[in-house]
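Below: work-v7.txt (compact mmCIF, C-alpha atoms and all ligand atoms)
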# COMPACT_ATOMS: atom_id res chain seq x y z
CA MET U 1 96.48 67.42 88.92
CA LEU U 2 96.10 68.16 92.63
CA GLY U 3 92.77 67.13 94.09
CA ARG U 4 90.77 69.62 96.11
CA SER U 5 91.51 67.69 99.34
CA LEU U 6 95.24 68.20 98.80
CA LEU U 7 94.94 71.98 98.84
CA VAL U 8 94.48 74.48 101.64
CA SER U 9 92.76 77.83 101.16
CA GLU U 10 93.47 80.53 103.74
CA PRO U 11 93.92 84.27 104.15
CA ASP U 12 97.43 85.36 103.14
CA ARG U 13 99.14 86.28 106.41
CA ALA U 14 102.65 86.56 104.97
CA ALA U 15 104.56 89.65 106.03
CA ASP U 16 104.67 90.87 102.42
CA ALA U 17 100.99 90.14 101.70
CA PRO U 18 98.82 93.14 100.81
CA ALA U 19 96.94 94.49 103.81
CA MET U 20 93.20 93.93 104.16
CA THR U 21 91.36 97.11 103.20
CA HIS U 22 87.91 98.59 103.75
CA ARG U 23 85.78 100.71 101.49
CA ILE U 24 82.24 101.95 101.93
CA ARG U 25 79.70 102.93 99.30
CA CYS U 26 76.65 105.11 99.72
CA ASP U 27 73.65 103.04 98.60
CA THR U 28 71.72 106.21 97.68
CA CYS U 29 74.13 107.97 95.31
CA GLY U 30 76.86 105.38 94.75
CA GLN U 31 79.76 107.56 95.93
CA ARG U 32 82.60 105.53 97.41
CA SER U 33 85.11 106.23 100.12
CA PRO U 34 88.81 105.84 99.47
CA ARG U 35 90.09 102.34 100.24
CA HIS U 36 91.87 102.22 103.60
CA VAL U 37 93.39 99.69 105.99
CA GLU U 38 91.81 101.45 108.99
CA PHE U 39 88.04 101.08 109.15
CA GLY U 40 87.84 104.28 111.21
CA ARG U 41 89.09 106.32 108.25
CA VAL U 42 86.36 104.84 106.06
CA GLN U 43 83.78 105.48 108.76
CA ASP U 44 84.93 109.12 109.00
CA TRP U 45 84.20 109.44 105.26
CA GLN U 46 80.76 107.88 105.80
CA LEU U 47 79.86 110.26 108.61
CA ARG U 48 81.04 113.31 106.62
CA HIS U 49 79.04 112.10 103.61
CA ALA U 50 75.92 111.54 105.72
CA ALA U 51 76.29 114.98 107.35
CA ALA U 52 76.52 116.61 103.91
CA ASN U 53 73.68 114.45 102.50
CA PRO U 54 71.16 113.98 105.34
CA THR U 55 68.84 111.74 103.28
CA HIS U 56 71.60 109.19 102.52
CA HIS U 57 71.18 106.55 105.23
CA GLY U 58 72.24 103.20 103.71
CA TYR U 59 75.85 102.14 103.08
CA THR U 60 77.64 98.97 101.98
CA GLU U 61 81.12 98.06 103.18
CA THR U 62 83.50 96.09 100.93
CA LEU U 63 86.44 94.22 102.44
CA THR U 64 89.39 93.29 100.25
CA ARG U 65 91.50 90.50 101.73
CA PRO U 66 94.31 88.55 100.04
CA TRP U 67 93.99 84.75 100.07
CA VAL U 68 96.37 81.98 99.11
CA VAL U 69 95.96 78.35 98.06
CA SER U 70 98.82 76.01 98.80
CA PRO U 71 99.44 72.25 98.97
CA ARG U 72 98.27 70.69 102.24
CA PRO U 73 101.35 69.99 104.40
ZN ZN T 1 75.35 109.45 99.03
Rewrite the structure from the file as structure tokens, please.
Amino acid sequence: MLGRSLLVSEPDRAADAPAMTHRIRCDTCGQRSPRHVEFGRVQDWQLRHAAANPTHHGYTETLTRPWVVSPRP
């Protein structure tokens, strides 16, 4: 069994790793934006949602980022 000190945990930066994505949820009604690699696309959704729902002010962003654990070199 490998001990914790023999392992390294880090974001997966391999060329074939899934891209980090953003998503934002309206805290008032729970609607969610599509997931997207560009935060600006998610923010566009937020601003359209807020314009259509002027009383919806709070939002929560979720980041999805791939990580890997590998033996310490
Ligand atoms: Zn809303």
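Between ligand ZN 1 (chain T) and the candidates U:Gly58, U:Gly40, U:Pro34, U:Pro18, the tightest atom-to-atom separation, counting all atoms listed in the file, involves U:Gly58.
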Show me a table, sorted first by chain and then by increasing residue number, of the residues of chain U having an atom at most 10 Å from ligand ZN 1 (chain T), each with its shortest atom pair and the distance in Å to one decimal, counting all atoms listed in the file and written as JSON lines.
{"residue": "U:Arg25", "atom": "CA", "partner": "T:ZN1", "partner_atom": "ZN", "distance": 7.8}
{"residue": "U:Cys26", "atom": "CA", "partner": "T:ZN1", "partner_atom": "ZN", "distance": 4.6}
{"residue": "U:Asp27", "atom": "CA", "partner": "T:ZN1", "partner_atom": "ZN", "distance": 6.6}
{"residue": "U:Thr28", "atom": "CA", "partner": "T:ZN1", "partner_atom": "ZN", "distance": 5.0}
{"residue": "U:Cys29", "atom": "CA", "partner": "T:ZN1", "partner_atom": "ZN", "distance": 4.2}
{"residue": "U:Gly30", "atom": "CA", "partner": "T:ZN1", "partner_atom": "ZN", "distance": 6.1}
{"residue": "U:Gln31", "atom": "CA", "partner": "T:ZN1", "partner_atom": "ZN", "distance": 5.7}
{"residue": "U:Arg32", "atom": "CA", "partner": "T:ZN1", "partner_atom": "ZN", "distance": 8.4}
{"residue": "U:Gln46", "atom": "CA", "partner": "T:ZN1", "partner_atom": "ZN", "distance": 8.8}
{"residue": "U:His49", "atom": "CA", "partner": "T:ZN1", "partner_atom": "ZN", "distance": 6.5}
{"residue": "U:Ala50", "atom": "CA", "partner": "T:ZN1", "partner_atom": "ZN", "distance": 7.0}
{"residue": "U:Ala52", "atom": "CA", "partner": "T:ZN1", "partner_atom": "ZN", "distance": 8.7}
{"residue": "U:Asn53", "atom": "CA", "partner": "T:ZN1", "partner_atom": "ZN", "distance": 6.3}
{"residue": "U:Pro54", "atom": "CA", "partner": "T:ZN1", "partner_atom": "ZN", "distance": 8.8}
{"residue": "U:Thr55", "atom": "CA", "partner": "T:ZN1", "partner_atom": "ZN", "distance": 8.1}
{"residue": "U:His56", "atom": "CA", "partner": "T:ZN1", "partner_atom": "ZN", "distance": 5.1}
{"residue": "U:His57", "atom": "CA", "partner": "T:ZN1", "partner_atom": "ZN", "distance": 8.0}
{"residue": "U:Gly58", "atom": "CA", "partner": "T:ZN1", "partner_atom": "ZN", "distance": 8.4}
{"residue": "U:Tyr59", "atom": "CA", "partner": "T:ZN1", "partner_atom": "ZN", "distance": 8.4}
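If you look at atom CA of Ser9 of chain U and atom CA of Trp67 of chain U, they are 7.1 Å away from each other.
The shell of residues at most 12 Å from Arg23 of chain U, with only C-alpha atoms counted and near chain neighbours (fewer than 6 positions) removed, consists of U:Gln31, U:Arg32, U:Ser33, U:Pro34, U:Arg35, U:His36, U:Val37, U:Glu38, U:Phe39, U:Gly40, U:Arg41, U:Val42, U:Gln43, U:Asp44, U:Trp45, U:Gln46, U:Tyr59, U:Thr60, U:Glu61, U:Thr62, U:Leu63, U:Thr64, U:Arg65.
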Export of prior selection with C-alpha atoms as a short mmCIF file (atom, residue, chain, number, x, y, z; two decimals), keeping the file's coordinate frame:
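Listing of again_21.cif after writing:
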data_model
loop_
_atom_site.label_atom_id
_atom_site.label_comp_id
_atom_site.auth_asym_id
_atom_site.auth_seq_id
_atom_site.Cartn_x
_atom_site.Cartn_y
_atom_site.Cartn_z
CA GLN U 31 79.76 107.56 95.93
CA ARG U 32 82.60 105.53 97.41
CA SER U 33 85.11 106.23 100.12
CA PRO U 34 88.81 105.84 99.47
CA ARG U 35 90.09 102.34 100.24
CA HIS U 36 91.87 102.22 103.60
CA VAL U 37 93.39 99.69 105.99
CA GLU U 38 91.81 101.45 108.99
CA PHE U 39 88.04 101.08 109.15
CA GLY U 40 87.84 104.28 111.21
CA ARG U 41 89.09 106.32 108.25
CA VAL U 42 86.36 104.84 106.06
CA GLN U 43 83.78 105.48 108.76
CA ASP U 44 84.93 109.12 109.00
CA TRP U 45 84.20 109.44 105.26
CA GLN U 46 80.76 107.88 105.80
CA TYR U 59 75.85 102.14 103.08
CA THR U 60 77.64 98.97 101.98
CA GLU U 61 81.12 98.06 103.18
CA THR U 62 83.50 96.09 100.93
CA LEU U 63 86.44 94.22 102.44
CA THR U 64 89.39 93.29 100.25
CA ARG U 65 91.50 90.50 101.73
#
query = From the list U:Pro73, U:Leu47, U:Ile24, U:Pro66, which residue is nearest Glu10 of chain U when using only C-alpha atoms?
reply = U:Pro66
Kindly write C-alpha atoms of chain U from the structure just given to a file, as a compact mmCIF listing (two decimals), in the first residue's frame.
# COMPACT_ATOMS: atom_id res chain seq x y z
CA MET U 1 0.00 0.00 0.00
CA LEU U 2 1.37 3.41 -0.94
CA GLY U 3 1.55 5.87 1.93
CA ARG U 4 0.05 9.32 1.54
CA SER U 5 3.54 10.89 1.45
CA LEU U 6 4.42 8.81 -1.61
CA LEU U 7 1.58 10.27 -3.67
CA VAL U 8 1.15 13.60 -5.42
CA SER U 9 -2.25 15.19 -6.02
CA GLU U 10 -2.46 17.83 -8.74
CA PRO U 11 -4.75 19.21 -11.44
CA ASP U 12 -4.64 17.06 -14.58
CA ARG U 13 -2.78 19.16 -17.14
CA ALA U 14 -2.33 16.39 -19.70
CA ALA U 15 -3.19 17.35 -23.26
CA ASP U 16 -6.02 14.81 -23.31
CA ALA U 17 -7.42 15.78 -19.89
CA PRO U 18 -10.97 17.14 -19.85
CA ALA U 19 -11.06 20.93 -19.86
CA MET U 20 -12.01 22.85 -16.72
CA THR U 21 -15.59 24.06 -17.03
CA HIS U 22 -17.78 26.68 -15.38
CA ARG U 23 -21.45 26.63 -14.55
CA ILE U 24 -23.56 29.14 -12.67
CA ARG U 25 -26.78 28.59 -10.75
CA CYS U 26 -29.38 31.16 -9.82
CA ASP U 27 -29.75 31.03 -6.02
CA THR U 28 -33.35 32.30 -6.26
CA CYS U 29 -34.94 29.82 -8.67
CA GLY U 30 -32.25 27.15 -9.09
CA GLN U 31 -31.97 27.43 -12.88
CA ARG U 32 -28.50 26.54 -14.15
CA SER U 33 -26.47 27.73 -17.08
CA PRO U 34 -25.01 25.27 -19.55
CA ARG U 35 -21.53 24.07 -18.58
CA HIS U 36 -18.84 25.86 -20.58
CA VAL U 37 -15.06 26.18 -20.73
CA GLU U 38 -15.31 29.96 -21.22
CA PHE U 39 -16.52 31.81 -18.13
CA GLY U 40 -17.76 34.65 -20.34
CA ARG U 41 -20.36 32.35 -21.91
CA VAL U 42 -21.64 31.42 -18.46
CA GLN U 43 -21.67 35.07 -17.43
CA ASP U 44 -23.69 35.93 -20.56
CA TRP U 45 -26.30 33.39 -19.41
CA GLN U 46 -26.30 34.98 -15.93
CA LEU U 47 -26.83 38.48 -17.28
CA ARG U 48 -29.64 37.35 -19.61
CA HIS U 49 -31.27 35.49 -16.70
CA ALA U 50 -30.98 38.53 -14.41
CA ALA U 51 -32.41 40.82 -17.12
CA ALA U 52 -35.40 38.49 -17.55
CA ASN U 53 -35.79 38.02 -13.77
CA PRO U 54 -34.92 41.37 -12.15
CA THR U 55 -35.41 40.09 -8.58
CA HIS U 56 -32.86 37.26 -9.00
CA HIS U 57 -29.62 38.75 -7.65
CA GLY U 58 -27.61 35.88 -6.12
CA TYR U 59 -25.70 33.25 -8.12
CA THR U 60 -23.28 30.41 -7.35
CA GLU U 61 -20.52 29.37 -9.72
CA THR U 62 -19.37 25.73 -9.89
CA LEU U 63 -15.96 24.87 -11.34
CA THR U 64 -15.29 21.35 -12.58
CA ARG U 65 -11.59 20.56 -12.83
CA PRO U 66 -9.95 17.17 -13.45
CA TRP U 67 -7.33 16.06 -10.91
CA VAL U 68 -4.88 13.18 -10.87
CA VAL U 69 -3.02 11.31 -8.14
CA SER U 70 0.27 9.71 -9.08
CA PRO U 71 3.32 8.27 -7.32
CA ARG U 72 5.78 10.94 -6.17
CA PRO U 73 8.76 10.94 -8.57
